[in-house]
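S.K.: My structure is below; once you've seen it, I'll send some questions.
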Amino acid sequence: MNDATTDKPLYVSTDGNAGPYIMVPVEQLEPVKALLNVNNVSHWVDEEAISLDGKPEVAVINLGHGSDPRGIQNLLDSIP
């Protein structure tokens, strides 16, 4: 699945020690949440979306320490 604003693939980030997460344009938040829900991937969304340099807002979907980042990336990559 590509980011609607950059046309680059969405990816699971494993930076830091807070657990894996996905940064998603707000306009794509619901489809990504639906994909995660259908595949029983535990997640939660940060309460506030951010916008940098006047770009569209981005939401952070947290996946938690026990998640499978590679498997979730495969899910994202399976959607054109």
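Starting from 1 in every chain, residues are counted up; chains themselves are A, B, ... following the order of the structure tokens, and ligands are numbered from 1 as listed.
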Write out as an MDAnalysis selection string the residues lying within 12 Å of Thr5 in chain A, counting only C-alpha atoms and excluding same-chain residues fewer than 3 positions away.
M.R.: chainID A and resid 1:2 8:10 23:28 55:58
S.K.: I need the helix (DSSP H, G or I) residues of chain A per DSSP on the backbone, written as a PyMOL selection string.
M.R.: chain A and resi 26-38+69-77
S.K.: Just N, CA, C and O atoms for this one: save the residues we selected as an mmCIF file, in the first residue's frame.
M.R.:
```
data_model
loop_
_atom_site.group_PDB
_atom_site.id
_atom_site.type_symbol
_atom_site.label_atom_id
_atom_site.label_comp_id
_atom_site.auth_asym_id
_atom_site.auth_seq_id
_atom_site.Cartn_x
_atom_site.Cartn_y
_atom_site.Cartn_z
ATOM 1 N N VAL A 26 -3.709 10.826 7.343
ATOM 2 C CA VAL A 26 -5.018 10.721 7.989
ATOM 3 C C VAL A 26 -6.065 10.200 7.005
ATOM 4 O O VAL A 26 -6.927 9.404 7.375
ATOM 5 N N GLU A 27 -5.967 10.587 5.735
ATOM 6 C CA GLU A 27 -6.955 10.131 4.757
ATOM 7 C C GLU A 27 -6.915 8.622 4.535
ATOM 8 O O GLU A 27 -7.865 8.047 4.025
ATOM 9 N N GLN A 28 -5.823 7.957 4.919
ATOM 10 C CA GLN A 28 -5.705 6.511 4.762
ATOM 11 C C GLN A 28 -5.826 5.760 6.083
ATOM 12 O O GLN A 28 -5.698 4.538 6.116
ATOM 13 N N LEU A 29 -6.092 6.467 7.142
ATOM 14 C CA LEU A 29 -6.133 5.841 8.461
ATOM 15 C C LEU A 29 -7.169 4.730 8.544
ATOM 16 O O LEU A 29 -6.864 3.623 8.998
ATOM 17 N N GLU A 30 -8.382 4.983 8.105
ATOM 18 C CA GLU A 30 -9.439 3.977 8.228
ATOM 19 C C GLU A 30 -9.147 2.707 7.414
ATOM 20 O O GLU A 30 -9.312 1.605 7.932
ATOM 21 N N PRO A 31 -8.695 2.813 6.147
ATOM 22 C CA PRO A 31 -8.378 1.581 5.413
ATOM 23 C C PRO A 31 -7.244 0.761 6.051
ATOM 24 O O PRO A 31 -7.301 -0.470 6.068
ATOM 25 N N VAL A 32 -6.238 1.448 6.596
ATOM 26 C CA VAL A 32 -5.135 0.716 7.233
ATOM 27 C C VAL A 32 -5.624 0.061 8.516
ATOM 28 O O VAL A 32 -5.316 -1.107 8.784
ATOM 29 N N LYS A 33 -6.421 0.777 9.317
ATOM 30 C CA LYS A 33 -6.983 0.172 10.526
ATOM 31 C C LYS A 33 -7.847 -1.028 10.177
ATOM 32 O O LYS A 33 -7.790 -2.058 10.866
ATOM 33 N N ALA A 34 -8.630 -0.919 9.115
ATOM 34 C CA ALA A 34 -9.478 -2.041 8.698
ATOM 35 C C ALA A 34 -8.623 -3.246 8.315
ATOM 36 O O ALA A 34 -8.947 -4.389 8.678
ATOM 37 N N LEU A 35 -7.531 -3.017 7.587
ATOM 38 C CA LEU A 35 -6.619 -4.106 7.210
ATOM 39 C C LEU A 35 -6.053 -4.777 8.459
ATOM 40 O O LEU A 35 -6.015 -6.014 8.549
ATOM 41 N N LEU A 36 -5.644 -3.991 9.421
ATOM 42 C CA LEU A 36 -5.093 -4.547 10.656
ATOM 43 C C LEU A 36 -6.173 -5.311 11.433
ATOM 44 O O LEU A 36 -5.913 -6.400 11.946
ATOM 45 N N ASN A 37 -7.366 -4.752 11.506
ATOM 46 C CA ASN A 37 -8.463 -5.419 12.229
ATOM 47 C C ASN A 37 -8.832 -6.754 11.598
ATOM 48 O O ASN A 37 -9.006 -7.753 12.309
ATOM 49 N N VAL A 38 -8.963 -6.792 10.285
ATOM 50 C CA VAL A 38 -9.342 -8.028 9.583
ATOM 51 C C VAL A 38 -8.300 -9.122 9.826
ATOM 52 O O VAL A 38 -8.631 -10.303 9.877
ATOM 53 N N PRO A 69 6.504 -7.171 13.099
ATOM 54 C CA PRO A 69 6.689 -6.112 12.112
ATOM 55 C C PRO A 69 6.821 -6.629 10.675
ATOM 56 O O PRO A 69 6.251 -6.050 9.753
ATOM 57 N N ARG A 70 7.529 -7.709 10.486
ATOM 58 C CA ARG A 70 7.719 -8.256 9.136
ATOM 59 C C ARG A 70 6.393 -8.752 8.556
ATOM 60 O O ARG A 70 6.073 -8.511 7.401
ATOM 61 N N GLY A 71 5.608 -9.442 9.374
ATOM 62 C CA GLY A 71 4.305 -9.930 8.920
ATOM 63 C C GLY A 71 3.358 -8.784 8.595
ATOM 64 O O GLY A 71 2.617 -8.829 7.616
ATOM 65 N N ILE A 72 3.394 -7.733 9.427
ATOM 66 C CA ILE A 72 2.541 -6.572 9.179
ATOM 67 C C ILE A 72 3.000 -5.850 7.916
ATOM 68 O O ILE A 72 2.177 -5.401 7.112
ATOM 69 N N GLN A 73 4.310 -5.765 7.706
ATOM 70 C CA GLN A 73 4.813 -5.164 6.471
ATOM 71 C C GLN A 73 4.325 -5.954 5.262
ATOM 72 O O GLN A 73 3.932 -5.381 4.248
ATOM 73 N N ASN A 74 4.316 -7.281 5.367
ATOM 74 C CA ASN A 74 3.805 -8.104 4.278
ATOM 75 C C ASN A 74 2.331 -7.802 3.982
ATOM 76 O O ASN A 74 1.918 -7.780 2.828
ATOM 77 N N LEU A 75 1.544 -7.554 5.031
ATOM 78 C CA LEU A 75 0.145 -7.168 4.835
ATOM 79 C C LEU A 75 0.046 -5.856 4.063
ATOM 80 O O LEU A 75 -0.725 -5.740 3.112
ATOM 81 N N LEU A 76 0.822 -4.866 4.495
ATOM 82 C CA LEU A 76 0.801 -3.570 3.797
ATOM 83 C C LEU A 76 1.232 -3.709 2.345
ATOM 84 O O LEU A 76 0.644 -3.104 1.447
ATOM 85 N N ASP A 77 2.253 -4.536 2.115
ATOM 86 C CA ASP A 77 2.773 -4.717 0.750
ATOM 87 C C ASP A 77 1.810 -5.494 -0.136
ATOM 88 O O ASP A 77 1.910 -5.431 -1.362
#
```
S.K.: Tell me which protein, DNA and RNA residues are within 10 Å of Glu47 in chain A, counting only C-alpha atoms, leaving out same-chain ones fewer than 6 positions away, and put them as a PDB file with N, CA, C and O atoms, in the first residue's frame.
M.R.:
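The result, written out as selection-v1.pdb:
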```pdb
ATOM      1  N   ALA A  59      -1.065  10.348  10.954  1.00  0.00           N
ATOM      2  CA  ALA A  59      -1.393   9.675  12.211  1.00  0.00           C
ATOM      3  C   ALA A  59      -0.375   8.564  12.454  1.00  0.00           C
ATOM      4  O   ALA A  59       0.185   8.001  11.513  1.00  0.00           O
ATOM      5  N   VAL A  60      -0.151   8.262  13.711  1.00  0.00           N
ATOM      6  CA  VAL A  60       0.762   7.175  14.079  1.00  0.00           C
ATOM      7  C   VAL A  60      -0.066   6.015  14.610  1.00  0.00           C
ATOM      8  O   VAL A  60      -0.849   6.170  15.552  1.00  0.00           O
ATOM      9  N   ILE A  61       0.101   4.850  13.972  1.00  0.00           N
ATOM     10  CA  ILE A  61      -0.533   3.617  14.426  1.00  0.00           C
ATOM     11  C   ILE A  61       0.532   2.818  15.167  1.00  0.00           C
ATOM     12  O   ILE A  61       1.528   2.398  14.569  1.00  0.00           O
TER      13      ILE A  61
END
```
S.K.: Using only C-alpha atoms, which residues sit within 7 Å of range 63-68 of chain A once same-chain residues fewer than 6 positions away are excluded, as a VMD selection string?
M.R.: chain A and resid 19 to 21 42 to 44
S.K.: Can I get the selection written as a PDB file, in the first residue's frame, with all heavy atoms?
M.R.:
```pdb
ATOM      1  N   GLY A  19       8.342   0.452  20.414  1.00  0.00           N
ATOM      2  CA  GLY A  19       7.646  -0.587  19.667  1.00  0.00           C
ATOM      3  C   GLY A  19       7.409  -0.141  18.244  1.00  0.00           C
ATOM      4  O   GLY A  19       7.512   1.039  17.916  1.00  0.00           O
ATOM      5  N   PRO A  20       7.101  -1.065  17.364  1.00  0.00           N
ATOM      6  CA  PRO A  20       6.892  -0.725  15.960  1.00  0.00           C
ATOM      7  C   PRO A  20       5.660   0.153  15.753  1.00  0.00           C
ATOM      8  O   PRO A  20       4.712   0.109  16.545  1.00  0.00           O
ATOM      9  CB  PRO A  20       6.736  -2.074  15.267  1.00  0.00           C
ATOM     10  CG  PRO A  20       6.641  -3.093  16.316  1.00  0.00           C
ATOM     11  CD  PRO A  20       6.982  -2.485  17.622  1.00  0.00           C
ATOM     12  N   TYR A  21       5.699   0.923  14.683  1.00  0.00           N
ATOM     13  CA  TYR A  21       4.578   1.811  14.370  1.00  0.00           C
ATOM     14  C   TYR A  21       4.533   2.068  12.869  1.00  0.00           C
ATOM     15  O   TYR A  21       5.500   1.801  12.143  1.00  0.00           O
ATOM     16  CB  TYR A  21       4.689   3.134  15.127  1.00  0.00           C
ATOM     17  CG  TYR A  21       5.937   3.914  14.804  1.00  0.00           C
ATOM     18  CD1 TYR A  21       5.940   4.880  13.791  1.00  0.00           C
ATOM     19  CD2 TYR A  21       7.126   3.706  15.497  1.00  0.00           C
ATOM     20  CE1 TYR A  21       7.076   5.600  13.480  1.00  0.00           C
ATOM     21  CE2 TYR A  21       8.275   4.418  15.195  1.00  0.00           C
ATOM     22  CZ  TYR A  21       8.246   5.369  14.189  1.00  0.00           C
ATOM     23  OH  TYR A  21       9.373   6.074  13.884  1.00  0.00           O
ATOM     24  N   SER A  42      -3.206  -6.369  16.731  1.00  0.00           N
ATOM     25  CA  SER A  42      -3.459  -5.438  17.823  1.00  0.00           C
ATOM     26  C   SER A  42      -2.755  -4.115  17.535  1.00  0.00           C
ATOM     27  O   SER A  42      -1.592  -4.093  17.144  1.00  0.00           O
ATOM     28  CB  SER A  42      -2.942  -6.046  19.130  1.00  0.00           C
ATOM     29  OG  SER A  42      -3.168  -5.165  20.196  1.00  0.00           O
ATOM     30  N   HIS A  43      -3.472  -3.006  17.731  1.00  0.00           N
ATOM     31  CA  HIS A  43      -2.900  -1.693  17.462  1.00  0.00           C
ATOM     32  C   HIS A  43      -3.709  -0.616  18.166  1.00  0.00           C
ATOM     33  O   HIS A  43      -4.811  -0.867  18.627  1.00  0.00           O
ATOM     34  CB  HIS A  43      -2.883  -1.421  15.955  1.00  0.00           C
ATOM     35  CG  HIS A  43      -4.240  -1.341  15.354  1.00  0.00           C
ATOM     36  ND1 HIS A  43      -4.981  -2.457  15.041  1.00  0.00           N
ATOM     37  CD2 HIS A  43      -5.024  -0.274  15.051  1.00  0.00           C
ATOM     38  CE1 HIS A  43      -6.139  -2.081  14.541  1.00  0.00           C
ATOM     39  NE2 HIS A  43      -6.198  -0.765  14.545  1.00  0.00           N
ATOM     40  N   TRP A  44      -3.126   0.569  18.248  1.00  0.00           N
ATOM     41  CA  TRP A  44      -3.845   1.740  18.728  1.00  0.00           C
ATOM     42  C   TRP A  44      -3.277   2.958  18.007  1.00  0.00           C
ATOM     43  O   TRP A  44      -2.144   2.942  17.555  1.00  0.00           O
ATOM     44  CB  TRP A  44      -3.780   1.872  20.239  1.00  0.00           C
ATOM     45  CG  TRP A  44      -2.435   2.205  20.804  1.00  0.00           C
ATOM     46  CD1 TRP A  44      -1.962   3.442  21.140  1.00  0.00           C
ATOM     47  CD2 TRP A  44      -1.366   1.288  21.100  1.00  0.00           C
ATOM     48  NE1 TRP A  44      -0.673   3.353  21.618  1.00  0.00           N
ATOM     49  CE2 TRP A  44      -0.294   2.043  21.601  1.00  0.00           C
ATOM     50  CE3 TRP A  44      -1.226  -0.093  20.984  1.00  0.00           C
ATOM     51  CZ2 TRP A  44       0.917   1.452  21.985  1.00  0.00           C
ATOM     52  CZ3 TRP A  44      -0.020  -0.662  21.360  1.00  0.00           C
ATOM     53  CH2 TRP A  44       1.024   0.104  21.854  1.00  0.00           C
TER      54      TRP A  44
END
```
S.K.: Interatomic distance between CA of Ile79 in chain A and CA of Tyr11 in chain A?
M.R.: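 Interatomic distance here is 12.2 Å.
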